[in-house]
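**Q** Next up, target14.pdb (PDB, C-alpha atoms and all ligand atoms).
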```pdb
ATOM      1  CA  MET A   1      85.379 113.733 106.851
ATOM      2  CA  PHE A   2      86.129 115.981 109.811
ATOM      3  CA  ILE A   3      85.200 119.536 110.668
ATOM      4  CA  LYS A   4      88.141 121.537 111.983
ATOM      5  CA  GLU A   5      88.340 124.952 113.551
ATOM      6  CA  LEU A   6      91.425 126.995 112.800
ATOM      7  CA  THR A   7      92.317 130.156 114.674
ATOM      8  CA  PHE A   8      94.998 132.617 113.702
ATOM      9  CA  GLU A   9      96.325 135.143 116.188
ATOM     10  CA  CYS A  10      98.300 138.265 115.359
ATOM     11  CA  TYR A  11     101.600 138.534 117.214
ATOM     12  CA  GLN A  12     102.365 141.994 115.900
ATOM     13  CA  ASN A  13     100.560 144.929 114.363
ATOM     14  CA  THR A  14      99.539 144.140 110.840
ATOM     15  CA  GLN A  15      97.026 145.147 108.196
ATOM     16  CA  TYR A  16      93.765 143.360 107.592
ATOM     17  CA  ALA A  17      94.357 143.078 103.831
ATOM     18  CA  ILE A  18      97.757 141.421 104.347
ATOM     19  CA  VAL A  19      96.346 138.954 106.870
ATOM     20  CA  GLU A  20      93.381 138.112 104.706
ATOM     21  CA  ARG A  21      95.587 137.467 101.693
ATOM     22  CA  ALA A  22      97.971 135.245 103.680
ATOM     23  CA  ILE A  23      95.159 133.179 105.215
ATOM     24  CA  ASN A  24      93.341 132.717 101.918
ATOM     25  CA  ASN A  25      96.580 131.724 100.230
ATOM     26  CA  TYR A  26      97.168 129.135 102.965
ATOM     27  CA  PHE A  27      93.657 127.714 102.386
ATOM     28  CA  ASP A  28      94.204 127.594  98.617
ATOM     29  CA  MET A  29      97.455 125.680  99.016
ATOM     30  CA  LEU A  30      95.828 123.199 101.431
ATOM     31  CA  ARG A  31      92.980 122.767  98.989
ATOM     32  CA  TYR A  32      95.322 122.162  96.038
ATOM     33  CA  ASN A  33      96.963 119.414  98.040
ATOM     34  CA  GLY A  34      93.658 117.743  98.979
ATOM     35  CA  GLN A  35      94.056 118.512 102.702
ATOM     36  CA  ILE A  36      90.857 120.559 102.905
ATOM     37  CA  LEU A  37      87.684 120.216 100.849
ATOM     38  CA  GLY A  38      85.289 122.707  99.320
ATOM     39  CA  ARG A  39      85.944 126.033  97.701
ATOM     40  CA  GLU A  40      84.656 128.770  99.966
ATOM     41  CA  PHE A  41      85.944 129.424 103.438
ATOM     42  CA  PRO A  42      84.366 132.107 105.625
ATOM     43  CA  ILE A  43      86.781 133.925 107.930
ATOM     44  CA  ALA A  44      85.511 135.525 111.143
ATOM     45  CA  MET A  45      87.448 138.312 112.850
ATOM     46  CA  LEU A  46      87.251 138.881 116.608
ATOM     47  CA  GLY A  47      89.705 141.581 117.595
ATOM     48  CA  ALA A  48      93.144 140.288 116.625
ATOM     49  CA  VAL A  49      91.948 136.716 116.186
ATOM     50  CA  PHE A  50      90.740 135.202 112.931
ATOM     51  CA  SER A  51      88.899 131.910 112.795
ATOM     52  CA  THR A  52      87.332 129.561 110.291
ATOM     53  CA  ARG A  53      85.847 126.087 109.979
ATOM     54  CA  LEU A  54      87.111 123.693 107.364
ATOM     55  CA  VAL A  55      86.284 120.170 106.255
ATOM     56  CA  CYS A  56      89.185 117.712 106.052
ATOM     57  CA  PRO A  57      89.138 114.163 104.665
ATOM     58  CA  GLU A  58      90.739 112.706 107.796
ATOM     59  CA  GLU A  59      91.320 113.761 111.363
ATOM     60  CA  GLU A  60      95.071 114.028 110.657
ATOM     61  CA  SER A  61      94.783 115.777 107.258
ATOM     62  CA  LEU A  62      96.453 118.963 108.522
ATOM     63  CA  GLU A  63      99.503 117.240 110.013
ATOM     64  CA  SER A  64     102.718 118.694 108.638
ATOM     65  CA  GLN A  65     103.859 115.338 107.213
ATOM     66  CA  PHE A  66     101.239 115.799 104.472
ATOM     67  CA  ASN A  67     102.123 119.409 103.632
ATOM     68  CA  SER A  68     103.270 120.164 100.111
ATOM     69  CA  PRO A  69     106.158 122.631  99.602
ATOM     70  CA  GLN A  70     103.440 125.163  98.670
ATOM     71  CA  VAL A  71     101.644 124.643 102.013
ATOM     72  CA  THR A  72     104.924 125.061 103.915
ATOM     73  CA  HIS A  73     105.621 128.250 101.973
ATOM     74  CA  ALA A  74     102.116 129.537 102.759
ATOM     75  CA  LEU A  75     102.696 128.858 106.476
ATOM     76  CA  ASN A  76     105.865 130.975 106.307
ATOM     77  CA  LYS A  77     103.849 133.714 104.629
ATOM     78  CA  LEU A  78     101.437 133.674 107.589
ATOM     79  CA  THR A  79     104.369 134.432 109.898
ATOM     80  CA  GLU A  80     105.495 137.249 107.601
ATOM     81  CA  ALA A  81     101.956 138.645 107.732
ATOM     82  CA  GLY A  82     102.201 138.859 111.529
ATOM     83  CA  LEU A  83     100.267 135.725 112.429
ATOM     84  CA  LEU A  84     101.185 132.867 114.736
ATOM     85  CA  ALA A  85     100.947 129.328 113.371
ATOM     86  CA  PRO A  86      97.245 128.362 113.254
ATOM     87  CA  LYS A  87      95.733 126.573 116.241
ATOM     88  CA  ILE A  88      93.801 123.572 114.977
ATOM     89  CA  LYS A  89      90.915 121.915 116.786
ATOM     90  CA  THR A  90      88.677 119.042 115.659
ATOM     91  CA  ILE A  91      85.015 119.988 116.058
ATOM     92  CA  ALA A  92      83.314 116.802 114.934
ATOM     93  CA  GLU A  93      82.954 114.243 112.214
ATOM     94  CA  ASP A  94      81.008 115.670 109.261
ATOM     95  CA  LEU A  95      77.814 113.675 108.785
ATOM     96  CA  ASN A  96      77.173 115.267 105.440
ATOM     97  CA  SER A  97      80.125 113.885 103.509
ATOM     98  CA  LEU A  98      81.495 110.547 102.372
ATOM     99  CA  GLU A  99      83.783 108.598 104.635
ATOM    100  CA  CYS A 100      87.276 107.933 103.299
ATOM    101  CA  ALA A 101      88.182 104.509 101.969
ATOM    102  CA  PRO A 102      89.140 102.039 104.719
ATOM    103  CA  ASN A 103      92.305 101.155 102.836
ATOM    104  CA  PHE A 104      94.476 103.586 100.881
ATOM    105  CA  LYS A 105      96.227 100.744  99.052
ATOM    106  CA  PRO A 106      93.340  98.948  97.288
ATOM    107  CA  SER A 107      93.766  96.403  94.488
ATOM    108  CA  TRP A 108      92.630  99.065  92.014
ATOM    109  CA  GLN A 109      91.367 102.627  92.028
ATOM    110  CA  VAL A 110      89.544 104.965  89.678
ATOM    111  CA  LEU A 111      89.446 108.661  88.866
ATOM    112  CA  TYR A 112      85.730 109.368  89.283
ATOM    113  CA  THR A 113      83.657 112.353  90.292
ATOM    114  CA  THR A 114      80.147 113.812  89.991
ATOM    115  CA  PHE A 115      78.734 117.338  90.196
ATOM    116  CA  LEU A 116      77.754 116.696  93.829
ATOM    117  CA  ASP A 117      81.270 115.893  94.997
ATOM    118  CA  THR A 118      83.599 117.902  97.135
ATOM    119  CA  CYS A 119      85.698 114.864  98.075
ATOM    120  CA  SER A 120      88.760 113.467  96.331
ATOM    121  CA  PRO A 121      88.121 112.137  92.806
ATOM    122  CA  LEU A 122      90.585 109.333  93.497
ATOM    123  CA  ARG A 123      88.294 106.468  94.539
ATOM    124  CA  CYS A 124      89.024 103.046  95.931
ATOM    125  CA  GLY A 125      88.079 100.378  93.336
ATOM    126  CA  GLU A 126      86.759  98.079  96.064
ATOM    127  CA  THR A 127      84.403 100.502  97.841
ATOM    128  CA  LEU A 128      84.277 103.617  95.608
ATOM    129  CA  GLN A 129      85.104 105.653  98.725
ATOM    130  CA  PRO A 130      87.503 108.580  98.331
ATOM    131  CA  ILE A 131      91.232 108.310  98.928
ATOM    132  CA  PRO A 132      92.674 111.660 100.054
ATOM    133  CA  LEU A 133      94.951 113.068  97.367
ATOM    134  CA  TYR A 134      97.758 114.003  99.774
ATOM    135  CA  ARG A 135      98.065 110.274 100.536
ATOM    136  CA  THR A 136      99.781 109.610  97.203
ATOM    137  CA  PRO A 137     103.429 108.919  98.157
ATOM    138  CA  GLU A 138     104.618 111.598  95.758
ATOM    139  CA  ALA A 139     103.116 114.792  94.399
ATOM    140  CA  ILE A 140     101.114 114.468  91.172
ATOM    141  CA  SER A 141     102.693 117.491  89.467
ATOM    142  CA  ASN A 142     104.622 120.627  90.500
ATOM    143  CA  GLY A 143     104.869 119.594  94.139
ATOM    144  CA  ASP A 144     101.181 119.098  94.955
ATOM    145  CA  ARG A 145      97.846 117.747  93.665
ATOM    146  CA  LYS A 146      96.406 120.879  92.053
ATOM    147  CA  SER A 147      96.321 119.342  88.563
ATOM    148  CA  VAL A 148      93.868 116.673  89.794
ATOM    149  CA  LEU A 149      91.661 119.275  91.505
ATOM    150  CA  LYS A 150      91.630 121.357  88.312
ATOM    151  CA  TRP A 151      90.604 118.323  86.256
ATOM    152  CA  GLN A 152      87.845 117.618  88.807
ATOM    153  CA  GLU A 153      86.604 121.241  88.687
ATOM    154  CA  GLU A 154      86.331 121.044  84.928
ATOM    155  CA  TRP A 155      84.526 117.690  85.099
ATOM    156  CA  ILE A 156      82.039 119.089  87.632
ATOM    157  CA  ASN A 157      81.458 122.182  85.485
ATOM    158  CA  CYS A 158      80.738 119.923  82.502
ATOM    159  CA  ASP A 159      78.432 117.716  84.568
ATOM    160  CA  GLU A 160      76.414 120.693  85.806
ATOM    161  CA  LEU A 161      76.045 122.106  82.309
ATOM    162  CA  GLN A 162      74.883 118.845  80.776
ATOM    163  CA  MET A 163      72.485 118.152  83.675
ATOM    164  CA  ASN A 164      70.862 121.496  82.992
ATOM    165  CA  GLY A 165      70.429 120.624  79.310
ATOM    166  CA  SER A 166      72.827 123.334  78.234
ATOM    167  CA  ALA A 167      72.975 124.514  74.622
ATOM    168  CA  VAL A 168      76.510 123.120  74.468
ATOM    169  CA  SER A 169      75.551 119.656  75.775
ATOM    170  CA  ALA A 170      76.802 117.772  72.714
ATOM    171  CA  ALA A 171      80.301 119.207  73.024
ATOM    172  CA  ILE A 172      80.282 118.612  76.770
ATOM    173  CA  LEU A 173      79.182 114.996  76.511
ATOM    174  CA  LYS A 174      82.072 114.399  74.143
ATOM    175  CA  GLU A 175      84.465 115.809  76.773
ATOM    176  CA  MET A 176      83.019 113.577  79.480
ATOM    177  CA  GLY A 177      82.581 110.392  77.519
ATOM    178  CA  GLU A 178      84.914 110.138  74.549
ATOM    179  CA  ILE A 179      88.578 109.272  74.334
ATOM    180  CA  ASP A 180      89.479 111.895  71.767
ATOM    181  CA  SER A 181      88.537 114.750  74.101
ATOM    182  CA  LYS A 182      90.784 117.152  75.999
ATOM    183  CA  LEU A 183      89.223 116.230  79.346
ATOM    184  CA  TYR A 184      89.977 112.555  78.703
ATOM    185  CA  TYR A 185      93.514 113.392  77.629
ATOM    186  CA  ARG A 186      94.171 115.290  80.858
ATOM    187  CA  GLY A 187      92.348 112.834  83.099
ATOM    188  CA  SER A 188      93.903 109.702  81.648
ATOM    189  CA  ASN A 189      97.371 111.241  81.952
ATOM    190  CA  LEU A 190      96.609 112.008  85.591
ATOM    191  CA  SER A 191      95.458 108.403  86.087
ATOM    192  CA  LYS A 192      98.751 107.163  84.631
ATOM    193  CA  ARG A 193     100.747 109.489  86.861
ATOM    194  CA  ILE A 194      98.746 108.399  89.949
ATOM    195  CA  GLN A 195      99.261 104.761  89.006
ATOM    196  CA  PHE A 196     103.002 105.385  88.693
ATOM    197  CA  VAL A 197     103.365 107.002  92.132
ATOM    198  CA  THR A 198     100.941 104.698  93.989
ATOM    199  CA  LYS A 199     101.858 101.452  92.156
ATOM    200  CA  THR A 200      98.109 100.727  92.032
ATOM    201  CA  PRO A 201      96.195 100.176  88.767
ATOM    202  CA  THR A 202      94.255 103.407  88.222
ATOM    203  CA  TYR A 203      91.260 103.449  85.888
ATOM    204  CA  TYR A 204      89.487 106.343  84.235
ATOM    205  CA  TYR A 205      85.700 106.768  84.104
ATOM    206  CA  LEU A 206      83.890 107.641  80.875
ATOM    207  CA  TYR A 207      80.391 109.079  81.270
ATOM    208  CA  ARG A 208      77.661 107.758  78.970
ATOM    209  CA  VAL A 209      74.169 109.052  78.257
ATOM    210  CA  ALA A 210      71.783 108.872  75.250
ATOM    211  CA  GLY A 211      72.156 106.188  72.543
ATOM    212  CA  ILE A 212      69.626 104.532  70.268
ATOM    213  CA  SER A 213      68.416 101.466  72.160
ATOM    214  CA  LEU A 214      69.099  99.402  75.271
ATOM    215  CA  GLU A 215      70.270  96.484  73.078
ATOM    216  CA  GLU A 216      72.736  98.652  71.244
ATOM    217  CA  GLU A 217      74.025 100.167  74.444
ATOM    218  CA  GLN A 218      74.504  96.721  75.992
ATOM    219  CA  GLN A 219      76.630  95.750  72.979
ATOM    220  CA  ARG A 220      78.848  98.783  73.289
ATOM    221  CA  LYS A 221      82.546  97.941  73.011
ATOM    222  CA  CYS A 222      85.540  99.505  74.701
ATOM    223  CA  PRO A 223      86.091 102.760  72.796
ATOM    224  CA  SER A 224      89.843 102.369  73.039
ATOM    225  CA  CYS A 225      90.571  98.735  72.022
ATOM    226  CA  GLY A 226      87.177  97.719  70.600
ATOM    227  CA  GLY A 227      87.084  94.700  72.929
ATOM    228  CA  ASP A 228      84.270  93.309  75.075
ATOM    229  CA  TRP A 229      84.133  95.102  78.384
ATOM    230  CA  ARG A 230      80.634  94.504  79.744
ATOM    231  CA  LEU A 231      80.523  93.312  83.362
ATOM    232  CA  ASP A 232      78.217  90.475  84.477
ATOM    233  CA  SER A 233      76.762  92.770  87.111
ATOM    234  CA  PRO A 234      77.294  96.474  87.643
ATOM    235  CA  LEU A 235      79.837  97.708  90.166
ATOM    236  CA  PHE A 236      78.438 100.141  92.744
ATOM    237  CA  ASP A 237      75.322 100.423  90.521
ATOM    238  CA  ILE A 238      77.379 102.730  88.309
ATOM    239  CA  PHE A 239      79.984 100.884  86.244
ATOM    240  CA  ASP A 240      78.544  98.392  83.732
ATOM    241  CA  PHE A 241      81.674  98.278  81.612
ATOM    242  CA  LYS A 242      85.312  97.774  82.579
ATOM    243  CA  CYS A 243      88.263  97.219  80.254
ATOM    244  CA  ASP A 244      91.308  95.939  82.130
ATOM    245  CA  THR A 245      93.531  96.395  79.089
ATOM    246  CA  CYS A 246      92.735 100.083  78.635
ATOM    247  CA  GLN A 247      91.903 100.706  82.315
ATOM    248  CA  LEU A 248      88.580 102.322  81.503
ATOM    249  CA  VAL A 249      85.195 102.036  83.211
ATOM    250  CA  SER A 250      81.836 103.338  82.020
ATOM    251  CA  ASN A 251      78.122 103.058  82.676
ATOM    252  CA  LEU A 252      75.253 101.726  80.597
ATOM    253  CA  SER A 253      73.742 104.869  79.054
ATOM    254  CA  TRP A 254      71.817 106.637  81.832
ATOM    255  CA  ASP A 255      68.879 106.868  79.424
ATOM    256  CA  PHE A 256      68.471 103.081  79.542
ATOM    257  CA  LYS A 257      69.685 102.281  83.040
ATOM    258  CA  LYS A 258      66.954 101.167  85.421
TER     259      LYS A 258
HETATM  260 ZN    ZN B   1      89.853  98.489  75.974
END
```
Represent the structure of the file as structure tokens.
**A**
Amino acid sequence: MFIKELTFECYQNTQYAIVERAINNYFDMLRYNGQILGREFPIAMLGAVFSTRLVCPEEESLESQFNSPQVTHALNKLTEAGLLAPKIKTIAEDLNSLECAPNFKPSWQVLYTTFLDTCSPLRCGETLQPIPLYRTPEAISNGDRKSVLKWQEEWINCDELQMNGSAVSAAILKEMGEIDSKLYYRGSNLSKRIQFVTKTPTYYYLYRVAGISLEEEQQRKCPSCGGDWRLDSPLFDIFDFKCDTCQLVSNLSWDFKK
């Protein structure tokens, strides 16, 4: 991941509120396309110049070839607000975040995230490293990748709640781990759409915790087809189960995993 500095200069008299709205809208549209990561972006004002630092998956993430129609529209709105096109400078590589996958066309990929993540939930099946969402050859829905980011936000919210032993944990664990949940329905549809546009088999991750015994958990079958799906050895120390028919992966219940 790369840290970028963006500066916006006013070319005409304008109002602070208009500028602020236009810049924040531009950031939102970049975020919904996977071109910048994170959710909060501080903006500094020095006279008629506004600046910010952003984290991008790749050094070239902000190149116009990756812009969604929404990003292009937001750039036009910056001009209308009295701002010149942003000047973009690379500050450094971010040491605090995951490196992108070395290959954006792996043999398989998986929709996977955790509460710690700010990176793309589309992960390379060979390395588990993130694949930037704007790299899909086509948009995922409505011109950009917002639907995937919204699914990820909900997953992260669920993960945080269940980690904290929330009163609604049972309902949340169903959302994260069972195939008759709304989160699964949305996520597996996104996986299918991503598979269609990337032509790469795209799996979906089901979270698993609790259970009665290690033996019982080891015998667990694919919840979709009922078939055997246990792997000989875990992948990335996370996935113990993988069904190639249903394109699902899961872990041995975290309660019994060493
Ligand atoms: Zn299956």
**Q** So that each row is one residue of chain A with an atom at most 7 Å from ligand ZN 1 (chain B), can you give its shortest atom pair and the distance in Å to one decimal, using all atoms listed in the file, rows by chain and rising number, as CSV?
**A**
```
residue,atom,partner,partner_atom,distance
A:Cys222,CA,B:ZN1,ZN,4.6
A:Pro223,CA,B:ZN1,ZN,6.5
A:Ser224,CA,B:ZN1,ZN,4.9
A:Cys225,CA,B:ZN1,ZN,4.0
A:Gly226,CA,B:ZN1,ZN,6.1
A:Gly227,CA,B:ZN1,ZN,5.6
A:Cys243,CA,B:ZN1,ZN,4.7
A:Asp244,CA,B:ZN1,ZN,6.8
A:Thr245,CA,B:ZN1,ZN,5.3
A:Cys246,CA,B:ZN1,ZN,4.2
A:Leu248,CA,B:ZN1,ZN,6.8
```
**Q** Would you list the contacts of A:Gln12 as a PyMOL selection string, taking every protein, DNA or RNA residue within 10 Å and counting all atoms listed in the file, but skipping same-chain residues closer than 3 positions in sequence?
**A** chain A and resi 9+15+48+79+81-84
**Q** Go through the shown structure with the PyMOL selection byres (((chain A and resi 94-105) around 7) and not hetatm) and write out the matching residues as a list in words.
**A** Met1, Phe2, Ile3, Pro57, Ala92, Glu93, Pro106, Ser107, Cys124, Thr127, Gln129, Pro130 and Ile131 of chain A
**Q** Please evaluate the PyMOL selection byres (((chain A and resi 108) around 8) and not hetatm) against the displayed coordinates and give the resulting residues as an NGL selection string.
**A** :A and (106-107 or 109-110 or 124-126 or 200-203)
**Q** Could you list the residues chosen by the PyMOL selection byres (((chain A and resi 257) around 10) and not hetatm) in this structure as a PyMOL selection string?
**A** chain A and resi 209+214+217+237-238+240+251-256+258
**Q** Could stretch 75-100 of chain A be completed with N, CA and C atoms and written as a JSON list (two decimals), in the frame of the given file, please?
**A**
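What ended up in result14.json:
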```
[["chain", "number", "residue", "atom", "x", "y", "z"],
["A", 75, "LEU", "N", 102.59, 128.72, 105.01],
["A", 75, "LEU", "CA", 102.70, 128.86, 106.48],
["A", 75, "LEU", "C", 103.74, 129.93, 106.83],
["A", 76, "ASN", "N", 104.85, 129.93, 106.08],
["A", 76, "ASN", "CA", 105.86, 130.98, 106.31],
["A", 76, "ASN", "C", 105.31, 132.35, 106.00],
["A", 77, "LYS", "N", 104.46, 132.43, 104.99],
["A", 77, "LYS", "CA", 103.85, 133.71, 104.63],
["A", 77, "LYS", "C", 102.91, 134.21, 105.73],
["A", 78, "LEU", "N", 102.29, 133.28, 106.46],
["A", 78, "LEU", "CA", 101.44, 133.67, 107.59],
["A", 78, "LEU", "C", 102.28, 134.39, 108.64],
["A", 79, "THR", "N", 103.46, 133.81, 108.91],
["A", 79, "THR", "CA", 104.37, 134.43, 109.90],
["A", 79, "THR", "C", 104.76, 135.83, 109.43],
["A", 80, "GLU", "N", 105.11, 135.94, 108.15],
["A", 80, "GLU", "CA", 105.50, 137.25, 107.60],
["A", 80, "GLU", "C", 104.34, 138.25, 107.71],
["A", 81, "ALA", "N", 103.12, 137.76, 107.65],
["A", 81, "ALA", "CA", 101.96, 138.65, 107.73],
["A", 81, "ALA", "C", 101.63, 139.02, 109.18],
["A", 82, "GLY", "N", 102.41, 138.49, 110.13],
["A", 82, "GLY", "CA", 102.20, 138.86, 111.53],
["A", 82, "GLY", "C", 101.31, 137.91, 112.30],
["A", 83, "LEU", "N", 101.14, 136.69, 111.77],
["A", 83, "LEU", "CA", 100.27, 135.72, 112.43],
["A", 83, "LEU", "C", 101.09, 134.57, 113.03],
["A", 84, "LEU", "N", 100.61, 134.08, 114.16],
["A", 84, "LEU", "CA", 101.18, 132.87, 114.74],
["A", 84, "LEU", "C", 100.71, 131.67, 113.91],
["A", 85, "ALA", "N", 101.40, 130.55, 114.05],
["A", 85, "ALA", "CA", 100.95, 129.33, 113.37],
["A", 85, "ALA", "C", 99.52, 129.03, 113.81],
["A", 86, "PRO", "N", 98.66, 128.57, 112.90],
["A", 86, "PRO", "CA", 97.24, 128.36, 113.25],
["A", 86, "PRO", "C", 97.06, 127.31, 114.35],
["A", 87, "LYS", "N", 96.12, 127.59, 115.25],
["A", 87, "LYS", "CA", 95.73, 126.57, 116.24],
["A", 87, "LYS", "C", 94.61, 125.76, 115.61],
["A", 88, "ILE", "N", 94.74, 124.45, 115.68],
["A", 88, "ILE", "CA", 93.80, 123.57, 114.98],
["A", 88, "ILE", "C", 93.06, 122.70, 115.97],
["A", 89, "LYS", "N", 91.73, 122.71, 115.87],
["A", 89, "LYS", "CA", 90.92, 121.92, 116.79],
["A", 89, "LYS", "C", 89.90, 121.10, 115.97],
["A", 90, "THR", "N", 89.71, 119.85, 116.32],
["A", 90, "THR", "CA", 88.68, 119.04, 115.66],
["A", 90, "THR", "C", 87.33, 119.33, 116.31],
["A", 91, "ILE", "N", 86.36, 119.71, 115.52],
["A", 91, "ILE", "CA", 85.02, 119.99, 116.06],
["A", 91, "ILE", "C", 84.19, 118.71, 116.11],
["A", 92, "ALA", "N", 84.13, 118.02, 114.98],
["A", 92, "ALA", "CA", 83.31, 116.80, 114.93],
["A", 92, "ALA", "C", 83.51, 116.12, 113.60],
["A", 93, "GLU", "N", 82.97, 114.92, 113.50],
["A", 93, "GLU", "CA", 82.95, 114.24, 112.21],
["A", 93, "GLU", "C", 81.81, 114.85, 111.40],
["A", 94, "ASP", "N", 82.04, 115.08, 110.12],
["A", 94, "ASP", "CA", 81.01, 115.67, 109.26],
["A", 94, "ASP", "C", 80.06, 114.57, 108.79],
["A", 95, "LEU", "N", 78.78, 114.71, 109.13],
["A", 95, "LEU", "CA", 77.81, 113.68, 108.78],
["A", 95, "LEU", "C", 77.33, 113.80, 107.35],
["A", 96, "ASN", "N", 77.70, 114.93, 106.75],
["A", 96, "ASN", "CA", 77.17, 115.27, 105.44],
["A", 96, "ASN", "C", 78.07, 114.81, 104.29],
["A", 97, "SER", "N", 79.21, 114.22, 104.60],
["A", 97, "SER", "CA", 80.12, 113.88, 103.51],
["A", 97, "SER", "C", 80.54, 112.41, 103.58],
["A", 98, "LEU", "N", 81.08, 111.95, 102.48],
["A", 98, "LEU", "CA", 81.50, 110.55, 102.37],
["A", 98, "LEU", "C", 82.67, 110.24, 103.31],
["A", 99, "GLU", "N", 82.65, 109.03, 103.83],
["A", 99, "GLU", "CA", 83.78, 108.60, 104.64],
["A", 99, "GLU", "C", 84.91, 108.17, 103.70],
["A", 100, "CYS", "N", 86.14, 108.36, 104.12],
["A", 100, "CYS", "CA", 87.28, 107.93, 103.30],
["A", 100, "CYS", "C", 87.32, 106.41, 103.19]]
```
